[in-house]
Every structure is written in C-alpha cells, then in structure tokens.
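For reference, coords_19.txt (compact mmCIF, C-alpha atoms):
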# COMPACT_ATOMS: atom_id res chain seq x y z
CA MET A 4 -146.96 91.58 -211.84
CA GLU A 5 -147.78 89.94 -208.50
CA LYS A 6 -148.68 86.66 -210.23
CA PHE A 7 -145.32 86.77 -212.01
CA PHE A 8 -143.45 86.70 -208.69
CA LEU A 9 -145.85 84.06 -207.37
CA ILE A 10 -145.10 81.76 -210.30
CA ILE A 11 -141.35 82.41 -210.01
CA THR A 12 -141.43 81.57 -206.29
CA VAL A 13 -143.33 78.30 -206.73
CA CYS A 14 -141.13 77.18 -209.64
CA ALA A 15 -137.96 78.12 -207.76
CA ILE A 16 -139.02 76.02 -204.75
CA ILE A 17 -139.87 73.06 -207.02
CA MET A 18 -136.40 73.26 -208.60
CA VAL A 19 -134.29 73.73 -205.46
CA ALA A 20 -136.23 71.39 -203.09
CA PRO A 21 -134.54 68.13 -204.25
CA GLY A 22 -131.08 69.69 -203.90
CA VAL A 23 -131.86 71.05 -200.43
CA SER A 24 -133.31 67.65 -199.49
CA LYS A 25 -130.04 65.92 -200.40
CA LEU A 26 -127.98 68.60 -198.69
CA VAL A 27 -129.78 68.44 -195.32
CA ARG A 28 -130.66 64.72 -195.67
CA THR A 29 -134.35 65.35 -195.12
CA PRO A 30 -137.32 63.95 -197.11
CA VAL A 31 -138.16 66.26 -200.00
CA VAL A 32 -141.78 66.72 -198.88
CA VAL A 33 -140.52 68.16 -195.58
CA VAL A 34 -138.37 70.63 -197.49
CA GLU A 35 -141.27 71.60 -199.77
CA ILE A 36 -143.61 72.29 -196.86
CA PHE A 37 -140.96 74.23 -194.95
CA LEU A 38 -139.96 76.34 -197.97
CA GLY A 39 -143.65 77.01 -198.66
CA LEU A 40 -144.13 78.12 -195.04
CA PHE A 41 -141.07 80.38 -195.18
CA ALA A 42 -142.09 81.90 -198.54
CA GLY A 43 -145.60 82.51 -197.18
CA TYR A 44 -144.17 84.26 -194.12
CA LEU A 45 -142.08 86.53 -196.38
CA GLY A 46 -145.15 87.34 -198.48
CA LEU A 47 -143.81 85.62 -201.61
CA LEU A 48 -146.71 83.16 -201.51
CA TYR A 49 -150.22 84.37 -200.73
CA ASP A 50 -153.85 83.29 -201.00
CA ASP A 51 -154.32 83.18 -204.76
CA GLU A 52 -157.23 81.33 -206.41
CA THR A 53 -155.11 80.03 -209.29
CA LEU A 54 -152.45 78.65 -206.94
CA LYS A 55 -155.16 77.13 -204.77
CA LEU A 56 -156.74 75.42 -207.79
CA VAL A 57 -153.42 74.01 -209.03
CA ALA A 58 -152.60 72.82 -205.49
CA LYS A 59 -155.99 71.11 -205.27
CA PHE A 60 -155.27 69.36 -208.56
CA GLY A 61 -151.88 68.33 -207.14
CA PHE A 62 -153.67 66.65 -204.24
CA VAL A 63 -156.15 64.97 -206.62
CA TYR A 64 -153.24 63.74 -208.74
CA LEU A 65 -151.57 62.40 -205.59
CA MET A 66 -154.70 60.34 -204.85
CA PHE A 67 -154.67 59.13 -208.46
CA LEU A 68 -151.10 57.92 -207.90
CA ALA A 69 -152.23 56.24 -204.66
CA GLY A 70 -154.68 54.12 -206.66
CA LEU A 71 -151.87 53.18 -209.04
CA GLU A 72 -149.68 51.98 -206.15
CA ILE A 73 -152.18 49.56 -204.60
CA ASN A 74 -150.71 46.09 -204.19
CA LEU A 75 -153.67 43.93 -205.27
CA LYS A 76 -151.96 40.73 -204.12
CA LEU A 77 -151.55 42.16 -200.62
CA VAL A 78 -155.19 43.22 -200.60
CA LYS A 79 -156.14 39.59 -201.25
CA ILE A 80 -153.85 38.45 -198.43
CA ILE A 81 -155.42 40.98 -196.06
CA LYS A 82 -158.88 39.86 -197.13
CA ALA A 83 -157.99 36.22 -196.49
CA THR A 84 -155.88 36.38 -193.33
CA LEU A 85 -156.01 39.83 -191.74
CA ALA A 86 -159.65 40.86 -192.12
CA LEU A 87 -160.34 40.55 -188.39
CA ASN A 88 -157.12 42.45 -187.59
CA VAL A 89 -158.17 45.31 -189.86
CA ILE A 90 -161.62 45.47 -188.25
CA LEU A 91 -160.01 45.42 -184.79
CA TYR A 92 -157.65 48.22 -185.86
CA PHE A 93 -160.45 50.58 -186.85
CA ILE A 94 -162.60 49.69 -183.84
CA SER A 95 -159.62 50.46 -181.59
CA LEU A 96 -158.93 53.76 -183.36
CA TYR A 97 -162.44 55.11 -182.95
CA SER A 98 -162.93 53.65 -179.45
CA ILE A 99 -159.75 55.26 -178.11
CA SER A 100 -160.64 58.53 -179.87
CA ALA A 101 -164.07 58.49 -178.22
CA LEU A 102 -162.41 57.85 -174.84
CA VAL A 103 -159.98 60.76 -175.32
CA CYS A 104 -162.83 63.09 -176.33
CA TRP A 105 -164.80 62.05 -173.25
CA LEU A 106 -161.86 62.41 -170.84
CA PHE A 107 -160.83 65.86 -172.12
CA ASN A 108 -164.36 67.09 -172.89
CA LEU A 109 -163.65 67.59 -176.59
CA GLY A 110 -166.26 68.18 -179.30
CA ILE A 111 -167.34 66.04 -182.23
CA THR A 112 -164.69 67.67 -184.46
CA TYR A 113 -161.98 65.90 -182.49
CA PHE A 114 -163.79 62.55 -182.63
CA VAL A 115 -163.92 62.80 -186.44
CA ALA A 116 -160.42 64.28 -186.88
CA LEU A 117 -158.24 62.17 -184.57
CA PRO A 118 -158.73 58.79 -186.36
CA ILE A 119 -158.89 60.32 -189.85
CA PHE A 120 -156.68 58.95 -192.65
CA SER A 121 -154.99 60.45 -195.68
CA LEU A 122 -152.89 58.64 -198.26
CA GLY A 123 -150.90 61.70 -199.32
CA MET A 124 -147.94 61.29 -196.98
CA ILE A 125 -147.94 57.49 -197.36
CA MET A 126 -147.44 58.06 -201.08
CA MET A 127 -144.37 60.17 -200.32
CA LEU A 128 -143.02 57.35 -198.12
CA ILE A 129 -143.51 54.87 -200.98
CA LYS A 130 -141.64 57.26 -203.26
CA GLU A 131 -138.73 57.29 -200.80
CA TYR A 132 -138.61 53.67 -199.56
CA GLY A 133 -140.09 51.72 -202.48
CA LYS A 134 -142.97 49.26 -202.70
CA ASP A 135 -141.33 46.19 -201.16
CA GLU A 136 -141.46 47.10 -197.47
CA PRO A 137 -144.12 44.96 -195.68
CA TRP A 138 -145.00 47.72 -193.19
CA LEU A 139 -145.44 50.26 -195.99
CA ASN A 140 -147.45 47.91 -198.18
CA LEU A 141 -149.78 47.22 -195.27
CA ALA A 142 -149.97 50.94 -194.46
CA LEU A 143 -151.05 51.69 -198.03
CA SER A 144 -153.66 48.92 -198.09
CA ILE A 145 -155.02 49.85 -194.65
CA GLY A 146 -154.82 53.49 -195.72
CA VAL A 147 -157.13 52.76 -198.65
CA VAL A 148 -159.78 51.40 -196.28
CA GLY A 149 -159.12 54.30 -193.92
CA GLU A 150 -159.40 56.79 -196.78
CA VAL A 151 -162.83 55.45 -197.76
CA ILE A 152 -163.94 55.54 -194.11
CA SER A 153 -162.53 59.06 -193.83
CA ILE A 154 -164.40 60.21 -196.94
CA LEU A 155 -167.57 58.71 -195.50
CA ALA A 156 -166.90 60.36 -192.12
CA LEU A 157 -166.17 63.71 -193.79
CA THR A 158 -169.34 63.46 -195.89
CA LEU A 159 -171.46 62.55 -192.87
CA PHE A 160 -169.86 65.29 -190.79
CA SER A 161 -170.34 67.99 -193.43
CA GLY A 162 -173.89 66.78 -194.10
CA TRP A 163 -174.74 66.87 -190.41
CA ILE A 164 -173.34 70.39 -190.07
CA GLU A 165 -175.07 71.70 -193.19
CA TYR A 166 -178.44 69.93 -193.05
CA GLY A 167 -178.89 68.48 -189.56
CA PHE A 168 -180.69 65.16 -189.25
CA ASN A 169 -183.16 65.62 -192.10
CA ILE A 170 -183.90 63.99 -195.44
CA GLN A 171 -181.04 65.82 -197.19
CA PHE A 172 -178.54 64.39 -194.70
CA PHE A 173 -179.69 60.82 -195.34
CA LEU A 174 -179.68 61.43 -199.10
CA SER A 175 -175.99 62.44 -198.86
CA ILE A 176 -175.26 59.15 -197.08
CA LEU A 177 -177.17 57.19 -199.71
CA THR A 178 -175.30 59.00 -202.50
CA ILE A 179 -171.81 58.11 -201.28
CA ILE A 180 -172.78 54.49 -200.61
CA SER A 181 -174.25 54.30 -204.12
CA VAL A 182 -171.07 55.75 -205.63
CA ILE A 183 -168.91 53.16 -203.85
CA VAL A 184 -171.19 50.32 -205.01
CA VAL A 185 -171.28 51.64 -208.60
CA SER A 186 -167.47 52.00 -208.61
CA ILE A 187 -167.05 48.36 -207.54
CA LEU A 188 -169.56 47.22 -210.16
CA GLY A 189 -167.84 49.38 -212.79
CA LEU A 190 -164.48 47.76 -212.09
CA ARG A 191 -166.09 44.32 -212.25
CA ILE A 192 -167.81 45.08 -215.56
CA SER A 193 -164.53 46.44 -216.98
CA TYR A 194 -162.80 43.21 -215.95
CA ILE A 195 -165.40 41.11 -217.82
CA LEU A 196 -165.31 43.43 -220.84
CA PHE A 197 -161.51 43.31 -221.15
CA TRP A 198 -161.58 39.53 -220.66
CA TRP A 199 -163.99 39.04 -223.56
CA PHE A 200 -162.39 41.71 -225.77
CA PRO A 201 -158.64 41.85 -224.93
CA GLU A 202 -157.91 43.88 -228.07
CA LEU A 203 -159.89 46.75 -226.51
CA LYS A 204 -156.95 47.52 -224.21
CA ASN A 205 -154.61 48.13 -227.16
CA PHE A 206 -157.26 50.22 -228.85
CA LEU A 207 -157.57 52.51 -225.82
CA ILE A 208 -153.84 52.55 -225.03
CA PRO A 209 -151.63 51.28 -227.88
CA ASP A 210 -148.11 49.97 -227.36
CA SER A 211 -145.50 52.72 -227.11
CA HIS A 212 -144.12 52.15 -230.64
CA ASP A 213 -147.64 52.53 -232.11
CA ASP A 214 -148.72 55.48 -229.98
CA ARG A 215 -147.86 58.49 -232.13
CA TYR A 216 -150.40 60.80 -230.50
CA ASN A 217 -149.68 60.11 -226.79
CA GLN A 218 -153.00 58.33 -226.53
CA ASP A 219 -151.98 56.79 -223.21
CA ILE A 220 -151.67 60.16 -221.48
CA ARG A 221 -154.82 61.49 -223.14
CA PHE A 222 -156.89 58.53 -221.97
CA SER A 223 -155.49 58.38 -218.43
CA ILE A 224 -155.77 62.09 -217.60
CA SER A 225 -159.19 62.33 -219.26
CA THR A 226 -160.44 59.38 -217.20
CA LEU A 227 -159.14 61.05 -214.03
CA LEU A 228 -160.82 64.37 -214.79
CA ILE A 229 -164.13 62.76 -215.82
CA LEU A 230 -164.38 60.80 -212.56
CA VAL A 231 -163.38 63.85 -210.52
CA SER A 232 -166.04 65.91 -212.31
CA ILE A 233 -168.69 63.29 -211.48
CA MET A 234 -167.72 63.51 -207.81
CA LEU A 235 -168.03 67.30 -207.93
CA VAL A 236 -171.52 67.08 -209.42
CA LEU A 237 -172.56 64.58 -206.74
CA LYS A 238 -170.98 66.80 -204.02
CA ILE A 239 -168.68 64.00 -202.85
CA ASP A 240 -165.00 64.46 -202.03
CA VAL A 241 -163.06 64.22 -205.31
CA VAL A 242 -160.52 61.90 -203.65
CA LEU A 243 -162.85 58.97 -204.28
CA GLY A 244 -162.97 59.65 -208.04
CA ALA A 245 -159.21 60.15 -208.30
CA PHE A 246 -158.49 56.99 -206.37
CA ALA A 247 -160.97 54.95 -208.47
CA ALA A 248 -159.25 56.19 -211.66
CA GLY A 249 -155.84 55.09 -210.34
CA LEU A 250 -157.18 51.69 -209.28
CA PHE A 251 -158.74 51.22 -212.74
CA PHE A 252 -155.35 51.69 -214.44
CA LYS A 253 -153.60 49.51 -211.87
CA MET A 254 -156.03 46.64 -212.51
CA PHE A 255 -156.17 46.75 -216.30
CA PHE A 256 -153.06 48.53 -217.59
CA ASN A 257 -150.42 47.43 -215.08
CA GLN A 258 -148.33 45.95 -217.91
CA LYS A 259 -148.03 49.41 -219.52
CA HIS A 260 -144.89 50.27 -217.53
CA GLU A 261 -143.98 53.30 -219.65
CA LEU A 262 -147.42 54.83 -219.05
CA LEU A 263 -147.21 54.32 -215.28
CA GLU A 264 -143.72 55.86 -215.24
CA LYS A 265 -144.96 58.87 -217.24
CA ILE A 266 -147.89 59.44 -214.90
CA GLU A 267 -145.73 59.10 -211.79
CA SER A 268 -142.92 61.35 -213.05
CA PHE A 269 -145.35 64.06 -214.11
CA GLY A 270 -147.10 63.99 -210.73
CA PHE A 271 -144.13 63.81 -208.35
CA GLY A 272 -142.11 66.13 -210.55
CA PHE A 273 -144.56 69.04 -210.67
CA PHE A 274 -148.17 68.91 -209.42
CA VAL A 275 -147.63 67.10 -206.10
CA PRO A 276 -144.86 69.49 -204.94
CA ILE A 277 -147.18 72.46 -205.57
CA PHE A 278 -149.73 70.93 -203.19
CA PHE A 279 -147.18 70.60 -200.38
CA ILE A 280 -145.71 74.07 -201.04
CA TYR A 281 -149.19 75.61 -200.88
CA THR A 282 -150.00 73.69 -197.67
CA GLY A 283 -146.92 75.15 -196.01
CA SER A 284 -147.83 78.67 -197.11
CA THR A 285 -151.27 78.53 -195.42
CA VAL A 286 -149.82 78.76 -191.90
CA LYS A 287 -149.60 82.35 -190.62
CA LEU A 288 -146.61 82.37 -188.29
CA ASP A 289 -147.30 85.87 -186.97
CA MET A 290 -150.64 84.70 -185.45
CA ILE A 291 -149.20 81.75 -183.52
CA ASN A 292 -148.82 81.86 -179.70
CA LEU A 293 -147.73 79.39 -177.00
CA GLU A 294 -151.28 78.22 -176.21
CA ILE A 295 -151.91 77.32 -179.86
CA LEU A 296 -148.61 75.44 -180.03
CA GLN A 297 -149.39 73.49 -176.84
CA HIS A 298 -152.80 72.47 -178.15
CA ALA A 299 -151.24 71.49 -181.49
CA LEU A 300 -148.77 69.29 -179.60
CA PHE A 301 -151.65 67.66 -177.72
CA ILE A 302 -153.45 66.88 -181.01
CA MET A 303 -150.29 65.53 -182.62
CA VAL A 304 -149.34 63.30 -179.66
CA THR A 305 -152.91 61.97 -179.45
CA ILE A 306 -152.96 61.09 -183.17
CA ILE A 307 -149.71 59.15 -182.85
CA CYS A 308 -150.58 57.42 -179.55
CA ILE A 309 -153.98 56.10 -180.62
CA ARG A 310 -152.40 54.60 -183.74
CA LEU A 311 -149.49 53.06 -181.86
CA ILE A 312 -151.87 51.41 -179.39
CA SER A 313 -154.26 50.24 -182.12
CA SER A 314 -151.39 48.94 -184.28
CA TYR A 315 -149.80 46.91 -181.48
CA LEU A 316 -153.20 45.45 -180.58
CA SER A 317 -154.00 44.51 -184.18
CA PHE A 318 -150.80 43.82 -186.13
CA TYR A 319 -148.00 43.03 -183.65
CA LYS A 320 -148.26 39.28 -184.32
CA TYR A 321 -148.04 39.88 -188.07
CA LEU A 322 -145.40 42.65 -188.24
CA LYS A 323 -143.52 42.33 -184.90
CA PHE A 324 -142.17 45.34 -183.01
CA LYS A 325 -140.03 47.19 -185.57
CA GLN A 326 -142.37 47.04 -188.53
CA THR A 327 -145.44 47.63 -186.37
CA THR A 328 -143.81 50.82 -185.10
CA LEU A 329 -143.03 51.99 -188.63
CA PHE A 330 -146.54 51.06 -189.77
CA ALA A 331 -148.18 53.03 -186.95
CA LEU A 332 -146.04 56.11 -187.60
CA SER A 333 -146.67 55.98 -191.36
CA ASP A 334 -150.44 55.93 -190.75
CA SER A 335 -150.24 58.89 -188.33
CA MET A 336 -150.03 61.69 -190.91
CA PRO A 337 -153.59 62.71 -191.89
CA LEU A 338 -152.44 66.04 -193.32
CA THR A 339 -155.06 66.83 -195.95
CA PHE A 340 -158.25 65.48 -194.37
CA MET A 341 -157.44 67.03 -191.01
CA VAL A 342 -157.09 70.42 -192.69
CA ALA A 343 -160.44 69.84 -194.43
CA ILE A 344 -162.22 68.93 -191.18
CA ALA A 345 -160.67 71.84 -189.29
CA MET A 346 -161.67 74.30 -192.03
CA LEU A 347 -165.22 72.93 -192.13
CA SER A 348 -165.60 73.06 -188.34
CA PHE A 349 -164.21 76.59 -188.10
CA ASN A 350 -166.49 77.87 -190.88
CA TYR A 351 -169.53 76.52 -189.00
CA GLY A 352 -168.36 77.76 -185.59
CA LEU A 353 -167.71 74.35 -184.01
CA ILE A 354 -164.13 75.29 -183.08
CA THR A 355 -162.43 78.61 -182.33
CA GLN A 356 -159.83 80.27 -184.56
CA GLU A 357 -157.14 79.23 -182.06
CA GLU A 358 -158.25 75.59 -182.30
CA TYR A 359 -158.31 75.89 -186.09
CA PHE A 360 -154.69 77.08 -186.13
CA SER A 361 -153.79 74.27 -183.72
CA PHE A 362 -155.22 71.68 -186.09
CA ILE A 363 -153.39 73.16 -189.08
CA ILE A 364 -150.07 73.32 -187.22
CA ALA A 365 -150.55 69.83 -185.77
CA SER A 366 -151.24 68.35 -189.22
CA MET A 367 -148.16 70.01 -190.70
CA VAL A 368 -145.71 69.48 -187.85
CA ASP A 369 -146.96 65.91 -187.48
CA GLY A 370 -146.09 65.24 -191.12
CA LEU A 371 -142.72 66.99 -190.91
CA PHE A 372 -141.74 65.33 -187.63
CA LEU A 373 -142.84 61.80 -188.57
CA MET A 374 -141.22 61.85 -192.01
CA ILE A 375 -137.90 62.56 -190.28
CA LEU A 376 -138.58 60.13 -187.39
CA ILE A 377 -139.51 57.31 -189.78
CA ARG A 378 -136.28 57.87 -191.70
CA LYS A 379 -134.27 57.72 -188.44
CA PHE A 380 -136.06 54.57 -187.23
CA TYR A 381 -135.80 52.94 -190.65
CA ARG A 382 -132.04 53.48 -190.77
CA PHE A 383 -131.62 52.40 -187.15
CA PHE A 384 -133.59 49.18 -187.67
CA LYS A 385 -131.66 48.44 -190.87
CA LEU A 386 -128.36 49.11 -189.11
CA GLU A 387 -129.38 46.94 -186.19
CA LYS A 388 -130.31 44.17 -188.60
CA THR A 389 -126.92 44.29 -190.36
CA ASN A 390 -125.11 44.15 -187.02
CA LEU A 391 -126.81 40.92 -186.01
Would you mind writing the structure in this file as structure tokens?
Amino acid sequence: MEKFFLIITVCAIIMVAPGVSKLVRTPVVVVEIFLGLFAGYLGLLYDDETLKLVAKFGFVYLMFLAGLEINLKLVKIIKATLALNVILYFISLYSISALVCWLFNLGITYFVALPIFSLGMIMMLIKEYGKDEPWLNLALSIGVVGEVISILALTLFSGWIEYGFNIQFFLSILTIISVIVVSILGLRISYILFWWFPELKNFLIPDSHDDRYNQDIRFSISTLLILVSIMLVLKIDVVLGAFAAGLFFKMFFNQKHELLEKIESFGFGFFVPIFFIYTGSTVKLDMINLEILQHALFIMVTIICIRLISSYLSFYKYLKFKQTTLFALSDSMPLTFMVAIAMLSFNYGLITQEEYFSFIIASMVDGLFLMILIRKFYRFFKLEKTNL
C-alpha cells in the first residue's frame, strides 16, 4: 500500500509541475526539485529502492540526451580556435580551487568537488532556451570536456579511497583511459562502416513510414542500456556509456528527426523529472541547522566565484561580458556529481555528516538559485538589447 501512495505522489508531481512552473514563472526543474523536497518532508516520498533505481535511470537518460544535443560544428570551432582558452579555463578552475582549499584548510574532497561538472542542469537550460544561444552552446561543449574530466576525477578519487596507491588503483586509471580510447575508435570505425555501407543505417533504423515495429526506439534504447551495462561491469560511472550512446546517434542518425523527438519527449516528459523529484526528496529538512546552511552558502558561493573568474580569464574576448556571465552561471550547477562525491566522502569518513548535508544543500540550492538567476539575467540582457 505504501508503494501505491509513492507512485501516486511521483506521478502527481510530474503532472502538476509544468502548470506550477507557468503559474509562478519558474523553470520546471526548480519546481520539480522543490515539490520533491516538500513531499519528502511530509513523508510522501521516502528512501525506496525502486524509486532510486528509476531516478538513476532518469539521470542516465539525461546524459544520453546530452550526447544527442552536442553541436559537432561548435566542437570543431572550439578545437580550431578556442583550444588554448579551454585549457586555460580548466587550469584556472583547478588552480583557484587548490588555492581556496589551502587558504581555508579544506580536505581533498573540496578540491575534487568545487571544480566538478555535470551536464544535467545544462540540459534543462537547453530545453528552456533552445540550442542557438552561443553561451549555452559553449557551455554544453565545455561541459562535455568537464564531464569527462569529472568522471576521471571521480574514478581516481573513489579508487584512491578504496584501494590507496596500489596496483588496483592504477588499473582503475588504465581502465577508464582505455574505455575513452575504445569509444573514440568505435565512433571512428562506425563512421567508416556507414560511409562504405550507407544502406546499413536504414536497416538498423528504417524511415518512419517503413518502421512498423518501432525499430528506432528498440535500437536506440537497447544501445543505451548495452553501453551502460558495459560501464557497470568495468566499474566506471555509467554517465560515460550513456553519453557515448547519445553521441553515436547524434553523429550517424541526426537526420532521423522523428526519432530524436521521440527520445527527447520520452525523457523530458517522464524519466528526467523523476530524477529531479527524487533529488529534492533526499534532503532532510528536520536535520538542518544554521551552521550547515552557512557552510552550504560558502560552498555555493565558491563554486560560482571560481567559475566566474575562470570564465572571464578564458572566454571574455570571445563572449564579452553578458554572455560570459551567462556561460559561467550555466556551468556552476554540478548537482549530480557533487552529490556523488559528497556521498562517497561521507561513507569513507573524509567529511562529517554536517559537511555532507552542506554539500547536498549547496548542490540543490545552487541549481535552484542559478536557474532563476539565469532566467532573470537572460531577460534583462534581452530587454537591454531591445532598448538600444
């Protein structure tokens, strides 16, 4: 009977969130997280393994959609003209993070967490503002690099915690590097294969009028789950597999517009909202005190400041003030990976329970606050532009 009310609560939030979002003029992801938090506080949502599994799949699906949204033309532009800027951006991020950790005597958890990236919230921004904004296109492309670096950092961090500096630790490093290399080679081989045998594309995914058995959905979801399963076997974050699956379809089936629309509608309409609802429900409001909130504010402000500084140093000449500001804010929402690092550190005793709650609150409030702030800035900059 408890699961019945759990399902009813989740489905009710999914249905009413868009309406509430329009009513209060707030991004729908903010509403989903807030309603999840409120339902968790009332006891309507609780720690259930089934809900947790579906929420995890929602996050994986979100990363799959991130791969589908990559602007390959912009990636080529970045490779040709902004490569040094991108390198400078990441050097600045980690250098400033190291300086902050040294000044405030913070542990290695903070050094790993503060510059971490996550594409989840950037995907929600793309859903709201479209794919044609230069600052958002750059944020997505930089976010891809940041996501790979973050996966590598998370793997190294977890390996160091679990194994120490022994042979198993170095094997975990070798595994993830090998997976990245094999993924690149796999995409290259697929490109050659489809070039020599173009009819293979229509065999795998027929045109809509010939596809009586929904072969497009079967092939796409199966590819996603197979790659995710491989990552699980190799003990690598499943984000990498999901993202590779999305990039594969973006590269070779971009002309299948109906398929891409199906995949996107299914994800944003159901699985992705469950992830954000569950994330909101994980915060226990009755255990929060002023000290935890102050530390959460410190983490949140630091995350935003190091990205603003790094963005102005690296991309001001390319984006100018307004778009650089929007770019920095859009890259300052590492919701999912920060939760993962905080959970890992707390489980191994590297941070206290109070610090753990601070990280969780910071990651959530950061996402809520910046989604609203970006909307305000975006409208203000657009208004200012029309008045000129």
(Q) I'd like the neighbourhood of range 26-34 of chain A as a ChimeraX atom specification, where a residue qualifies if any of its atoms comes within 10 Å (using all atoms listed in the file), though same-chain residues fewer than 4 positions away should be ignored. (A) /A:16-17,19-22,38-40,124,127-128,131,275-276,278-280,283,367-368,370-375,378
Q | Within 9 Å of Val13 in chain A using all atoms listed in the file, minus same-chain residues under 4 positions, as a PyMOL selection string | A | chain A and resi 8-9+17-18+39+47-48+277+280-281
Q: Please provide the set of residues having any atom within 8 Å of range 236-239 of chain A, restricted to all atoms listed in the file, with same-chain residues fewer than 3 positions apart removed, written as a list in words.
A: Thr158, Thr178, Ile179, Ser232, Ile233 and Leu243 of chain A
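Take CA of Pro209 in chain A and CA of Met254 in chain A: the distance between them is 16.6 Å.
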Q) In terms of the shortest atom-to-atom distance over only C-alpha atoms, which of A:Ile183, A:Ile99, A:Ile295, A:Val63 is closest to Leu117 in chain A? A) A:Ile99
Q | Pick from A:Tyr64, A:Phe222, A:Tyr44, A:Tyr49, whichever lies nearest to Phe246 in chain A using all atoms listed in the file | A | A:Tyr64
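From CA of Lys287 in chain A back to CA of Gly43 in chain A, the distance works out to 7.7 Å.
Each of A:Ile377, A:Leu288, A:Ala101, A:Leu228 was compared to Phe41 in chain A using only C-alpha atoms, and A:Leu288 turns out to be the nearest.
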Q: Name the residues in contact with Leu296 in chain A at a cut-off of 10 Å, using only C-alpha atoms, excluding same-chain residues fewer than 3 positions from it; report them as a ChimeraX atom specification.
A: /A:291-293,299-302,357-358,360-362,364-365
Would you give the centre and edge lengths, in Å to one decimal, of a box along x, y and z around the listed atoms of range 195-208 of chain A, with 8 Å added to each side, as AutoDock Vina command-line options?
--center_x -159.6 --center_y 45.8 --center_z -223.3 --size_x 27.6 --size_y 29.5 --size_z 27.0
**Q.** A:Ile152, A:Ile10, A:Met290, A:Leu332 ranked by distance to Ser313 in chain A, top pick (using all atoms listed in the file)
**A.**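 The shortest atom-to-atom distance to Ser313 in chain A comes from A:Leu332.
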Q: Excluding Leu353 in chain A and residues on its chain fewer than 3 positions from it, collect all residues at most 12 Å away from it, counting all atoms listed in the file, and give them as an MDAnalysis selection string.
A: chainID A and resid 109:113 160:161 164 344:350 356:359
Q) Quick one: distance from CA of Ser100 in chain A to CA of Thr328 in chain A in Å, one decimal? A) 19.2 Å
